Structure formats: C-alpha cells, structure tokens
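K.L.:
Input structure: coords_1.txt, which contains compact mmCIF, C-alpha atoms.
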```
# COMPACT_ATOMS: atom_id res chain seq x y z
CA MET A 208 -14.31 -33.86 -81.28
CA LEU A 209 -17.68 -33.04 -82.91
CA LEU A 210 -18.93 -36.55 -82.20
CA SER A 211 -17.99 -36.28 -78.50
CA LEU A 212 -19.68 -32.88 -78.29
CA PHE A 213 -22.81 -34.28 -79.93
CA ASN A 214 -22.97 -37.24 -77.53
CA ALA A 215 -22.46 -34.92 -74.54
CA ILE A 216 -25.33 -32.64 -75.62
CA GLU A 217 -27.57 -35.65 -76.29
CA LEU A 218 -26.98 -37.06 -72.81
CA GLY A 219 -27.17 -33.60 -71.22
CA ILE A 220 -30.65 -33.03 -72.63
CA ILE A 221 -31.91 -36.33 -71.14
CA TYR A 222 -30.23 -35.66 -67.78
CA ALA A 223 -31.77 -32.16 -67.81
CA ILE A 224 -35.13 -33.77 -66.94
CA MET A 225 -33.50 -35.19 -63.79
CA ALA A 226 -31.95 -31.78 -63.05
CA LEU A 227 -35.41 -30.14 -63.27
CA GLY A 228 -36.61 -32.62 -60.64
CA VAL A 229 -33.67 -31.76 -58.38
CA TYR A 230 -34.41 -28.05 -58.93
CA LEU A 231 -37.98 -28.55 -57.65
CA SER A 232 -36.85 -30.19 -54.40
CA PHE A 233 -33.57 -28.35 -53.81
CA ARG A 234 -34.44 -24.80 -54.86
CA VAL A 235 -38.24 -24.51 -54.85
CA LEU A 236 -39.00 -26.60 -51.73
CA ASP A 237 -35.59 -26.14 -50.05
CA PHE A 238 -35.65 -29.89 -49.39
CA PRO A 239 -32.31 -31.80 -49.51
CA ASP A 240 -33.77 -34.91 -51.12
CA LEU A 241 -31.34 -37.82 -51.36
CA THR A 242 -34.14 -40.08 -52.65
CA VAL A 243 -32.89 -39.08 -56.10
CA ASP A 244 -30.06 -41.65 -56.02
CA GLY A 245 -32.64 -44.40 -55.55
CA SER A 246 -35.58 -43.09 -57.59
CA PHE A 247 -33.34 -42.66 -60.67
CA VAL A 248 -32.66 -46.42 -60.58
CA THR A 249 -36.32 -47.13 -59.81
CA GLY A 250 -37.24 -45.35 -63.03
CA ALA A 251 -34.58 -47.24 -64.96
CA GLY A 252 -35.63 -50.58 -63.47
CA VAL A 253 -39.36 -50.10 -64.00
CA ALA A 254 -38.83 -48.93 -67.59
CA ALA A 255 -36.47 -51.83 -68.34
CA ILE A 256 -38.66 -54.54 -66.83
CA SER A 257 -41.74 -53.09 -68.56
CA VAL A 258 -40.05 -53.00 -71.97
CA MET A 259 -38.83 -56.58 -71.46
CA ALA A 260 -42.42 -57.60 -70.66
CA GLY A 261 -43.55 -56.24 -74.02
CA VAL A 262 -45.03 -52.96 -72.79
CA SER A 263 -44.83 -49.99 -75.14
CA PRO A 264 -41.60 -48.00 -74.43
CA ILE A 265 -43.62 -44.78 -74.08
CA LEU A 266 -45.95 -46.44 -71.57
CA ALA A 267 -42.91 -47.94 -69.81
CA SER A 268 -41.46 -44.43 -69.40
CA ILE A 269 -44.77 -43.25 -67.91
CA PHE A 270 -44.70 -46.22 -65.50
CA ALA A 271 -41.16 -45.19 -64.52
CA ALA A 272 -42.30 -41.63 -63.75
CA PHE A 273 -45.23 -42.93 -61.69
CA ALA A 274 -42.93 -45.23 -59.67
CA GLY A 275 -40.66 -42.26 -58.98
CA PHE A 276 -43.69 -40.20 -57.92
CA LEU A 277 -44.66 -42.88 -55.37
CA ALA A 278 -41.10 -43.03 -54.02
CA GLY A 279 -41.02 -39.24 -53.64
CA CYS A 280 -44.41 -39.20 -51.91
CA LEU A 281 -43.15 -41.78 -49.40
CA THR A 282 -40.17 -39.55 -48.62
CA GLY A 283 -42.53 -36.61 -48.16
CA ILE A 284 -44.78 -38.69 -45.85
CA LEU A 285 -41.76 -39.78 -43.76
CA HIS A 286 -40.80 -36.12 -43.34
CA THR A 287 -44.22 -34.53 -42.80
CA LYS A 288 -46.23 -37.25 -41.04
CA GLY A 289 -43.35 -39.16 -39.45
CA ARG A 290 -41.62 -35.93 -38.35
CA ILE A 291 -38.29 -37.26 -39.58
CA ASN A 292 -35.59 -34.80 -40.60
CA ALA A 293 -35.69 -34.03 -44.36
CA LEU A 294 -32.15 -35.23 -44.97
CA LEU A 295 -32.68 -38.43 -42.99
CA SER A 296 -36.00 -39.11 -44.77
CA GLY A 297 -34.22 -39.01 -48.12
CA ILE A 298 -31.38 -41.22 -46.88
CA LEU A 299 -33.80 -43.80 -45.45
CA MET A 300 -35.82 -43.87 -48.68
CA MET A 301 -32.66 -44.12 -50.77
CA ILE A 302 -31.50 -47.15 -48.76
CA ALA A 303 -34.93 -48.77 -48.93
CA LEU A 304 -35.09 -48.20 -52.70
CA TYR A 305 -31.87 -50.14 -53.23
CA SER A 306 -33.59 -53.34 -52.07
CA ILE A 307 -36.86 -52.40 -53.78
CA ASN A 308 -35.02 -51.81 -57.05
CA LEU A 309 -33.38 -55.23 -56.79
CA ARG A 310 -36.83 -56.73 -56.27
CA ILE A 311 -38.20 -54.87 -59.29
CA MET A 312 -35.31 -55.81 -61.56
CA GLY A 313 -34.82 -59.35 -60.26
CA LYS A 314 -31.05 -59.07 -60.77
CA PRO A 315 -28.46 -56.24 -60.54
CA THR A 316 -28.25 -55.58 -64.28
CA LEU A 317 -30.80 -55.84 -67.09
CA SER A 318 -29.82 -55.71 -70.75
CA LEU A 319 -32.12 -54.05 -73.31
CA LEU A 320 -29.91 -54.77 -76.33
CA ASN A 321 -32.47 -57.09 -77.88
CA GLU A 322 -35.52 -55.07 -76.81
CA SER A 323 -37.44 -52.41 -78.69
CA THR A 324 -36.69 -49.26 -76.70
CA ILE A 325 -38.11 -45.79 -77.24
CA PHE A 326 -34.91 -44.59 -78.93
CA LYS A 327 -34.71 -47.56 -81.31
CA GLN A 328 -38.29 -46.89 -82.39
CA LEU A 329 -37.51 -43.18 -82.67
CA ARG A 330 -34.45 -43.91 -84.82
CA SER A 331 -36.54 -46.12 -87.11
CA VAL A 332 -39.21 -43.44 -87.58
CA TRP A 333 -36.65 -40.65 -87.98
CA GLU A 334 -34.75 -42.51 -90.73
CA LYS A 335 -37.90 -42.48 -92.86
CA THR A 336 -37.96 -38.66 -92.82
CA GLY A 337 -34.65 -38.42 -94.69
CA ILE A 338 -33.51 -35.46 -92.55
CA ASP A 339 -30.29 -37.27 -91.56
CA ASN A 340 -29.26 -37.68 -95.22
CA VAL A 341 -29.77 -33.96 -95.89
CA LEU A 342 -27.70 -32.99 -92.85
CA TYR A 343 -24.95 -35.50 -93.71
CA SER A 344 -24.71 -34.17 -97.28
CA PHE A 345 -24.47 -30.58 -96.07
CA LEU A 346 -21.91 -31.25 -93.31
CA THR A 347 -19.80 -33.51 -95.53
CA THR A 348 -19.75 -30.79 -98.19
CA ILE A 349 -18.29 -28.25 -95.74
CA GLY A 350 -15.65 -30.77 -94.65
CA VAL A 351 -17.11 -32.14 -91.37
CA ASP A 352 -16.46 -35.83 -90.81
CA ARG A 353 -17.13 -38.31 -87.94
CA LEU A 354 -20.82 -37.52 -87.85
CA PRO A 355 -23.34 -39.07 -85.39
CA SER A 356 -25.44 -42.02 -86.59
CA THR A 357 -28.68 -40.04 -86.24
CA TRP A 358 -29.84 -36.54 -85.32
CA GLY A 359 -33.30 -37.77 -84.42
CA ILE A 360 -32.68 -38.46 -80.72
CA ILE A 361 -31.19 -35.05 -79.97
CA CYS A 362 -33.91 -33.20 -81.90
CA VAL A 363 -36.84 -35.09 -80.37
CA MET A 364 -35.40 -35.10 -76.84
CA MET A 365 -34.80 -31.35 -77.08
CA VAL A 366 -38.51 -30.88 -77.84
CA VAL A 367 -39.52 -33.29 -75.03
CA THR A 368 -37.23 -31.65 -72.45
CA LEU A 369 -38.32 -28.14 -73.40
CA GLY A 370 -41.94 -29.32 -73.17
CA ILE A 371 -41.31 -30.61 -69.62
CA LYS A 372 -39.56 -27.33 -68.79
CA LEU A 373 -42.61 -25.35 -69.99
CA LEU A 374 -44.96 -27.61 -68.03
CA THR A 375 -42.80 -27.05 -64.93
CA ASP A 376 -42.98 -23.28 -65.50
CA TYR A 377 -46.76 -23.49 -65.83
CA TYR A 378 -47.07 -25.70 -62.73
CA LEU A 379 -45.03 -23.28 -60.61
CA LYS A 380 -47.28 -20.38 -61.70
CA THR A 381 -50.53 -22.10 -60.79
CA GLU A 382 -52.15 -21.61 -57.38
CA VAL A 383 -50.65 -24.89 -56.14
CA GLY A 384 -47.26 -23.99 -57.62
CA LEU A 385 -47.25 -20.58 -55.95
CA ALA A 386 -48.14 -22.22 -52.61
CA LEU A 387 -45.31 -24.71 -53.21
CA ARG A 388 -42.81 -21.90 -53.79
CA ALA A 389 -44.08 -20.04 -50.75
CA THR A 390 -43.73 -23.22 -48.64
CA GLY A 391 -40.10 -23.46 -49.68
CA ASP A 392 -39.52 -19.79 -48.78
CA ASN A 393 -41.33 -19.67 -45.44
CA GLN A 394 -43.24 -22.76 -44.34
CA LYS A 395 -44.43 -21.26 -41.02
CA MET A 396 -45.98 -18.24 -42.69
CA ILE A 397 -47.84 -20.36 -45.28
CA ARG A 398 -49.10 -22.65 -42.51
CA SER A 399 -50.41 -19.61 -40.63
CA LEU A 400 -52.52 -18.84 -43.72
CA SER A 401 -54.25 -22.23 -43.34
CA ALA A 402 -52.39 -23.86 -46.22
CA ASN A 403 -51.74 -27.60 -45.91
CA THR A 404 -47.94 -27.53 -46.20
CA ASP A 405 -47.63 -31.26 -45.53
CA ARG A 406 -49.70 -32.05 -48.61
CA LEU A 407 -47.74 -29.52 -50.68
CA ILE A 408 -44.39 -30.99 -49.63
CA ILE A 409 -45.53 -34.56 -50.34
CA ALA A 410 -46.82 -33.58 -53.79
CA GLY A 411 -43.73 -31.47 -54.55
CA ILE A 412 -41.25 -34.22 -53.65
CA GLY A 413 -43.42 -36.68 -55.58
CA VAL A 414 -43.32 -34.58 -58.77
CA SER A 415 -39.59 -34.01 -58.30
CA ASN A 416 -38.86 -37.73 -58.14
CA ALA A 417 -41.26 -38.45 -61.00
CA LEU A 418 -39.02 -36.31 -63.24
CA VAL A 419 -35.90 -38.00 -61.85
CA ALA A 420 -37.34 -41.48 -62.48
CA LEU A 421 -38.48 -40.49 -65.99
CA SER A 422 -34.91 -39.42 -66.75
CA GLY A 423 -33.66 -42.74 -65.32
CA GLY A 424 -36.07 -44.67 -67.53
CA LEU A 425 -34.93 -42.77 -70.63
CA ILE A 426 -31.23 -43.17 -69.75
CA ALA A 427 -31.74 -46.95 -69.36
CA GLN A 428 -33.38 -47.11 -72.81
CA HIS A 429 -30.69 -44.86 -74.30
CA GLY A 430 -27.84 -47.00 -72.95
CA ASP A 431 -29.69 -50.31 -73.46
CA PHE A 432 -29.19 -51.39 -69.86
CA ALA A 433 -30.36 -50.76 -66.31
CA ASP A 434 -28.03 -51.29 -63.36
CA VAL A 435 -28.88 -51.16 -59.67
CA ASN A 436 -25.83 -48.92 -59.04
CA MET A 437 -26.42 -46.43 -61.87
CA GLY A 438 -27.98 -43.88 -59.48
CA ILE A 439 -24.97 -43.46 -57.18
CA GLY A 440 -23.98 -39.78 -57.08
CA MET A 441 -26.96 -38.70 -59.19
CA ILE A 442 -28.00 -36.06 -56.63
CA ILE A 443 -24.56 -34.45 -56.96
CA ILE A 444 -24.85 -34.40 -60.76
CA GLY A 445 -28.30 -32.83 -60.43
CA LEU A 446 -27.04 -30.21 -57.99
CA ALA A 447 -24.04 -29.50 -60.22
CA SER A 448 -26.39 -28.89 -63.16
CA VAL A 449 -28.58 -26.57 -61.10
CA ILE A 450 -25.69 -24.59 -59.59
CA ILE A 451 -23.74 -24.28 -62.86
CA GLY A 452 -26.87 -23.18 -64.73
CA GLU A 453 -27.80 -20.60 -62.10
CA ALA A 454 -24.25 -19.22 -62.00
CA LEU A 455 -24.07 -18.83 -65.80
CA PHE A 456 -27.63 -17.84 -66.77
CA GLY A 457 -29.19 -16.29 -63.66
CA ILE A 458 -32.50 -16.89 -61.85
CA LYS A 459 -34.48 -13.67 -62.22
CA THR A 460 -37.67 -15.47 -63.29
CA ILE A 461 -39.00 -19.02 -63.02
CA ALA A 462 -38.76 -19.50 -66.79
CA ARG A 463 -35.16 -18.30 -66.78
CA ALA A 464 -34.26 -20.45 -63.76
CA THR A 465 -35.62 -23.66 -65.32
CA LEU A 466 -33.94 -22.81 -68.64
CA ALA A 467 -30.72 -22.30 -66.67
CA VAL A 468 -31.12 -25.78 -65.16
CA VAL A 469 -31.50 -27.33 -68.64
CA GLY A 470 -28.48 -25.36 -69.88
CA GLY A 471 -26.50 -26.31 -66.77
CA ALA A 472 -27.15 -30.02 -67.35
CA ILE A 473 -25.92 -29.76 -70.95
CA ILE A 474 -22.85 -27.70 -70.01
CA TYR A 475 -22.02 -30.13 -67.19
CA ARG A 476 -21.99 -33.05 -69.64
CA ILE A 477 -19.88 -31.12 -72.14
CA VAL A 478 -17.31 -30.14 -69.48
CA VAL A 479 -17.10 -33.70 -68.12
CA THR A 480 -16.74 -35.13 -71.63
CA PHE A 481 -13.86 -32.82 -72.50
CA ALA A 482 -12.26 -33.25 -69.07
CA LEU A 483 -12.17 -37.01 -69.56
CA ARG A 484 -10.30 -36.47 -72.85
CA VAL A 485 -7.34 -35.13 -70.85
CA ASP A 486 -4.60 -37.76 -70.81
CA PHE A 487 -4.13 -38.07 -67.03
CA LEU A 488 -7.86 -38.36 -66.27
CA ASP A 489 -10.04 -41.45 -66.70
CA THR A 490 -13.66 -42.42 -66.08
CA GLY A 491 -12.90 -43.15 -62.41
CA ASP A 492 -12.18 -39.43 -61.93
CA MET A 493 -15.72 -38.41 -62.90
CA LYS A 494 -16.82 -37.85 -59.29
CA LEU A 495 -13.73 -35.71 -58.65
CA ILE A 496 -14.45 -33.64 -61.77
CA THR A 497 -18.07 -33.19 -60.62
CA ALA A 498 -16.94 -32.04 -57.17
CA ILE A 499 -14.46 -29.55 -58.68
CA LEU A 500 -17.16 -28.18 -61.02
CA VAL A 501 -19.63 -27.68 -58.14
CA ILE A 502 -16.94 -26.02 -55.99
CA ALA A 503 -15.99 -23.73 -58.88
CA ALA A 504 -19.64 -22.83 -59.55
CA LEU A 505 -20.20 -22.04 -55.86
CA VAL A 506 -16.97 -20.17 -55.14
CA THR A 507 -16.41 -18.19 -58.36
CA PRO A 508 -19.52 -15.94 -58.09
CA LYS A 509 -18.65 -15.12 -54.46
CA ILE A 510 -15.06 -14.21 -55.38
CA MET A 511 -16.29 -12.00 -58.24
CA LYS A 512 -18.85 -10.34 -55.95
CA ALA A 513 -16.17 -9.70 -53.30
CA ARG A 514 -13.88 -8.13 -55.92
CA GLN A 515 -16.68 -5.90 -57.21
CA GLU A 516 -17.48 -4.82 -53.65
CA LYS A 517 -13.80 -4.07 -52.97
CA LYS A 518 -13.57 -2.07 -56.21
CA ARG A 519 -16.70 -0.12 -55.27
CA ARG A 520 -15.28 0.73 -51.83
CA LEU A 521 -11.98 1.91 -53.31
CA GLN A 522 -13.81 4.13 -55.81
CA LYS A 523 -15.95 5.62 -53.04
CA ARG A 524 -12.87 6.26 -50.87
CA ALA A 525 -11.08 7.93 -53.79
CA GLU A 526 -14.11 10.18 -54.39
CA LEU A 527 -14.20 11.21 -50.69
CA GLU A 528 -10.47 11.98 -50.70
CA ALA A 529 -10.92 14.06 -53.86
CA ILE A 530 -13.72 16.05 -52.18
CA LYS A 531 -11.53 16.63 -49.08
CA THR A 532 -8.62 17.80 -51.28
CA GLU A 533 -10.85 20.27 -53.15
CA GLY A 534 -12.23 21.56 -49.81
CA ALA A 535 -8.71 22.15 -48.42
```
Output the structure of this file as structure tokens.
P.N.:
Amino acid sequence: MLLSLFNAIELGIIYAIMALGVYLSFRVLDFPDLTVDGSFVTGAGVAAISVMAGVSPILASIFAAFAGFLAGCLTGILHTKGRINALLSGILMMIALYSINLRIMGKPTLSLLNESTIFKQLRSVWEKTGIDNVLYSFLTTIGVDRLPSTWGIICVMMVVTLGIKLLTDYYLKTEVGLALRATGDNQKMIRSLSANTDRLIIAGIGVSNALVALSGGLIAQHGDFADVNMGIGMIIIGLASVIIGEALFGIKTIARATLAVVGGAIIYRIVVTFALRVDFLDTGDMKLITAILVIAALVTPKIMKARQEKKRRLQKRAELEAIKTEGA
C-alpha cells in the first residue's frame, strides 16, 4: 500500500507540471486547447530522441519544452491570425502533431532502457548522499516494509515542480501576466486599451504547451520509453487535476490556485491508483475513472451550494414566521 501511494505521489508531482500548463490555457486564457494531447508526446519524443543522440538529459528536457512552446505558438497563430475557432485550432494542431511526432521519433515507440536519463543520473547522485539509507533504517525500525528503491526522485521533483509553480506565479503577476489574465477575462476590453491580445494569446498558449511538453519529456525519461499514443486523453487528465484541485483547495489567489493545481494532480494520481486496486477494475477503466472523478468534482460543489442556499432560505422563512407570530 505504501509503495503504491509513493509511486502515485511521484507520478503526480511530474504530471503536475502538465496540469500547470493546462491551467494557463484553460483557466487563465479561457482557451480550450486540445494541442495538449499532441504536445505531450512531442515533448516525450524530442526528449527521447535527444537522449538517444547523446544529448544531456537536462538539455533534452529543455529541448522538449521548446518544441512544446513552438507547437503552442502555432495553435495560437491558427486561432489569432487564421481566425480559426479556438477548439478547432487545437484539434487541427493535435492531428498535425501526431504525424510530426512520428517523424521526430522515427517509429511509434522508443525505448530508453539502455540510455542515461535524467532520473537514472539523479538516482546515481542521490545514492551518494546516503539519505536513502537513513530513511530506510528509520522506517524499518518502526515496522514499515516494502519501501521504494529511492526517495531522490520524489524529493528533487517536488523542488522542481514547486519552482515551476513559483515561476508561474511570478509570471502571472508581471505586466505581461496581468495582461494575459485580463485577456482571458475580457478580450474585447483589453483590446480597446490598445493591448495586442493576439500576441498575448500566442505567447500564453506557447508557455502552456512548453510546460506540457516538459512534463511529457520527464514522463518519458521516468518510464524509460516514449510512445506516439501516450498523449491520448492527457487534456482530460490535466482538466481533472485542475478541477479537483480547485474544488478541494480553492482559488482565492494566484498562488493558491496554482498550488491547488499541483495538489489536484497528486490527488488525482492517488485516487486512480487506489481505484485500480479494486478487484473489478483494471487499467482499461482508467478513462472511466477519470471521467467519474471530473464529474464528481464538477457536480459536488454545486450540490453543496444548492443545499446551503436551501438551508439559508428555510432559516430566513422560519425567522419571518417567528416575527409574524410575535406580532400577532
């Protein structure tokens, strides 16, 4: 159980980078960007092919993010300059990326088992610190068994993801970030103030897909493979993370909203992991579980709000009846 929980948190932290990208397009820009399903694979493919060519894994991850940025910018250009509907722009780019990803990868699946990925290098460096041995001794002493092979990935990725979250917070508070948020709220008003909304949308979708592709590149290195179909349904997973996080943690400030997205991605992975441990469910039911989670996250707050409103009305009616009774 502890090992499954650990693996779910580890994956959730890496997928949280993708969820932050979806948050930028879906919530900040109010742009339904389906490019995500393709740019996630683009990131995985670029990172994999770069690592196989002997490029440093860190540099390969940066290449992956840059490729995602270009893909996002193209979607933004299709929408703003081509005057194509936002949803259709994303769909067209997603379809185009399938062929582009095959061209990048050369074949549908690439194996990184024999390559030096960022996580293998991280594991090697982390082992020299001796922190794992200290944690193993402590946990074994208190009776915990079935421990993960290393704590290095989860610790380092937590720092990396939180760093990206803080950079996102900073970006959204800069002059460009504020204009980006305003464009998502009311594009016509911002345009009337002489702001170049087309440029803002292109840059915003580009940054969003850069984060998605970076997550794809890291997932490929974490799982030691890149597959041309690994991005299918990724937009739904990103939306589920955003919606679950917002429902549980709230969105009063930008910092809280982005933290909610990171928390939502981790909770989503934990829920899916434990759901798949149920006897009558298997890995093929993952999409169904995701859909049920999103529906629950969307419907539950509305039901609770309706109940609170009904309770408030009943209390008010009871108070009015009490006043009438006293007056009689």
K.L.:
Taking 2 positions as the minimum chain separation for residues in the same chain, which residues sit within 12 Å of A:Pro264 when counting all atoms listed in the file? Answer as number ranges by chain.
P.N.:
A: 251, 253-262, 266-271, 319, 322-329, 421, 424-425, 427-429
K.L.:
Save out the residues we just selected, C-alpha atoms, as a short mmCIF file (atom, residue, chain, number, x, y, z; two decimals), in the coordinates of the input.
P.N.:
```
data_model
loop_
_atom_site.label_atom_id
_atom_site.label_comp_id
_atom_site.auth_asym_id
_atom_site.auth_seq_id
_atom_site.Cartn_x
_atom_site.Cartn_y
_atom_site.Cartn_z
CA ALA A 251 -34.58 -47.24 -64.96
CA VAL A 253 -39.36 -50.10 -64.00
CA ALA A 254 -38.83 -48.93 -67.59
CA ALA A 255 -36.47 -51.83 -68.34
CA ILE A 256 -38.66 -54.54 -66.83
CA SER A 257 -41.74 -53.09 -68.56
CA VAL A 258 -40.05 -53.00 -71.97
CA MET A 259 -38.83 -56.58 -71.46
CA ALA A 260 -42.42 -57.60 -70.66
CA GLY A 261 -43.55 -56.24 -74.02
CA VAL A 262 -45.03 -52.96 -72.79
CA LEU A 266 -45.95 -46.44 -71.57
CA ALA A 267 -42.91 -47.94 -69.81
CA SER A 268 -41.46 -44.43 -69.40
CA ILE A 269 -44.77 -43.25 -67.91
CA PHE A 270 -44.70 -46.22 -65.50
CA ALA A 271 -41.16 -45.19 -64.52
CA LEU A 319 -32.12 -54.05 -73.31
CA GLU A 322 -35.52 -55.07 -76.81
CA SER A 323 -37.44 -52.41 -78.69
CA THR A 324 -36.69 -49.26 -76.70
CA ILE A 325 -38.11 -45.79 -77.24
CA PHE A 326 -34.91 -44.59 -78.93
CA LYS A 327 -34.71 -47.56 -81.31
CA GLN A 328 -38.29 -46.89 -82.39
CA LEU A 329 -37.51 -43.18 -82.67
CA LEU A 421 -38.48 -40.49 -65.99
CA GLY A 424 -36.07 -44.67 -67.53
CA LEU A 425 -34.93 -42.77 -70.63
CA ALA A 427 -31.74 -46.95 -69.36
CA GLN A 428 -33.38 -47.11 -72.81
CA HIS A 429 -30.69 -44.86 -74.30
#
```
K.L.:
Using only C-alpha atoms for the distances, tell me which of A:Ala303, A:Leu385, A:Ile360, A:Ile510 is nearest to A:Gly411.
P.N.:
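Selected residue with least distance to A:Gly411: A:Leu385.
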K.L.:
Quick one: residues within 12 Å of A:Thr507, only C-alpha atoms counted, chain neighbours fewer than 6 positions away excluded, as a ChimeraX atom specification?
P.N.:
/A:450-451,454-455,499-501,513-514
K.L.:
Could you list, as a ChimeraX atom specification, every residue within 12 Å of A:Leu466, counting only C-alpha atoms and ignoring same-chain residues fewer than 2 positions away?
P.N.:
/A:220,223-224,226-227,230,368-373,375-376,448-449,451-453,455-464,468-473
K.L.:
What gap, in Å, lies between atom CA of A:Thr465 and atom CA of A:Leu295?
P.N.:
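Rounded to one decimal, the two atoms are 26.9 Å apart.
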K.L.:
Out of A:Gly228, A:Gly297, A:Gly430, A:Gly391, which residue has the shortest atom-to-atom distance to A:Ser318 when counting only C-alpha atoms?
P.N.:
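Closest to A:Ser318 of all the choices is A:Gly430.
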K.L.:
Between A:Leu299, A:Val235, A:Gly275, A:Phe213, which residue has the minimum interatomic distance to A:Gly384, considering all atoms listed in the file?
P.N.:
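That would be A:Val235, the residue with the smallest distance to A:Gly384.
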K.L.:
Kindly give the distance, in Å, that separates atom CA of A:Phe276 and atom CA of A:Met396, rounded to a single decimal.
P.N.:
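Straight-line distance from atom CA of A:Phe276 to atom CA of A:Met396 works out to 26.8 Å.
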K.L.:
Nearest to A:Ile302: which of A:Leu209, A:Met225, A:Leu354, A:Val435 is it, counting only C-alpha atoms?
P.N.:
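Looking at the shortest contact to A:Ile302, the residue is A:Val435.
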K.L.:
Extract stretch 216-235 of chain A from the coordinates I pasted, and write it as a short mmCIF file (atom, residue, chain, number, x, y, z; two decimals), in the first residue's frame (atoms kept: N, CA, C and O atoms).
P.N.:
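The new file selection.cif reads:
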```cif
data_model
loop_
_atom_site.label_atom_id
_atom_site.label_comp_id
_atom_site.auth_asym_id
_atom_site.auth_seq_id
_atom_site.Cartn_x
_atom_site.Cartn_y
_atom_site.Cartn_z
N ILE A 216 2.27 9.45 -5.80
CA ILE A 216 2.71 10.82 -5.50
C ILE A 216 3.85 11.23 -6.43
O ILE A 216 3.88 12.35 -6.94
N GLU A 217 4.77 10.29 -6.67
CA GLU A 217 5.91 10.58 -7.55
C GLU A 217 5.44 10.96 -8.96
O GLU A 217 5.86 11.96 -9.53
N LEU A 218 4.51 10.16 -9.51
CA LEU A 218 3.98 10.45 -10.83
C LEU A 218 3.14 11.73 -10.82
O LEU A 218 3.19 12.54 -11.75
N GLY A 219 2.36 11.91 -9.74
CA GLY A 219 1.51 13.09 -9.63
C GLY A 219 2.31 14.37 -9.65
O GLY A 219 1.89 15.37 -10.26
N ILE A 220 3.47 14.37 -9.02
CA ILE A 220 4.31 15.58 -9.00
C ILE A 220 4.82 15.91 -10.41
O ILE A 220 4.87 17.08 -10.81
N ILE A 221 5.18 14.88 -11.18
CA ILE A 221 5.66 15.13 -12.56
C ILE A 221 4.50 15.59 -13.44
O ILE A 221 4.63 16.53 -14.23
N TYR A 222 3.34 14.94 -13.30
CA TYR A 222 2.18 15.34 -14.10
C TYR A 222 1.65 16.72 -13.68
O TYR A 222 0.92 17.36 -14.44
N ALA A 223 2.00 17.18 -12.48
CA ALA A 223 1.54 18.49 -12.02
C ALA A 223 2.09 19.61 -12.93
O ALA A 223 1.44 20.64 -13.09
N ILE A 224 3.27 19.38 -13.52
CA ILE A 224 3.83 20.38 -14.45
C ILE A 224 2.91 20.51 -15.66
O ILE A 224 2.62 21.61 -16.14
N MET A 225 2.41 19.36 -16.15
CA MET A 225 1.46 19.37 -17.27
C MET A 225 0.16 20.07 -16.86
O MET A 225 -0.42 20.86 -17.62
N ALA A 226 -0.29 19.80 -15.62
CA ALA A 226 -1.54 20.40 -15.14
C ALA A 226 -1.41 21.93 -15.04
O ALA A 226 -2.37 22.65 -15.30
N LEU A 227 -0.21 22.41 -14.66
CA LEU A 227 0.01 23.86 -14.61
C LEU A 227 -0.12 24.47 -16.02
O LEU A 227 -0.65 25.58 -16.18
N GLY A 228 0.37 23.74 -17.02
CA GLY A 228 0.22 24.20 -18.40
C GLY A 228 -1.25 24.27 -18.81
O GLY A 228 -1.69 25.24 -19.43
N VAL A 229 -2.00 23.24 -18.45
CA VAL A 229 -3.44 23.22 -18.76
C VAL A 229 -4.16 24.34 -18.02
O VAL A 229 -5.07 24.97 -18.56
N TYR A 230 -3.72 24.63 -16.80
CA TYR A 230 -4.32 25.72 -16.02
C TYR A 230 -4.15 27.06 -16.75
O TYR A 230 -5.08 27.88 -16.81
N LEU A 231 -2.95 27.28 -17.31
CA LEU A 231 -2.68 28.54 -18.02
C LEU A 231 -3.63 28.73 -19.21
O LEU A 231 -4.18 29.82 -19.41
N SER A 232 -3.83 27.67 -19.98
CA SER A 232 -4.70 27.81 -21.17
C SER A 232 -6.18 27.76 -20.78
O SER A 232 -6.97 28.59 -21.24
N PHE A 233 -6.54 26.83 -19.93
CA PHE A 233 -7.96 26.58 -19.63
C PHE A 233 -8.55 27.64 -18.70
O PHE A 233 -9.66 28.14 -18.95
N ARG A 234 -7.84 28.00 -17.64
CA ARG A 234 -8.37 28.94 -16.66
C ARG A 234 -7.94 30.38 -16.91
O ARG A 234 -8.76 31.29 -16.86
N VAL A 235 -6.64 30.58 -17.16
CA VAL A 235 -6.14 31.96 -17.29
C VAL A 235 -6.58 32.57 -18.63
O VAL A 235 -7.11 33.68 -18.68
#
```
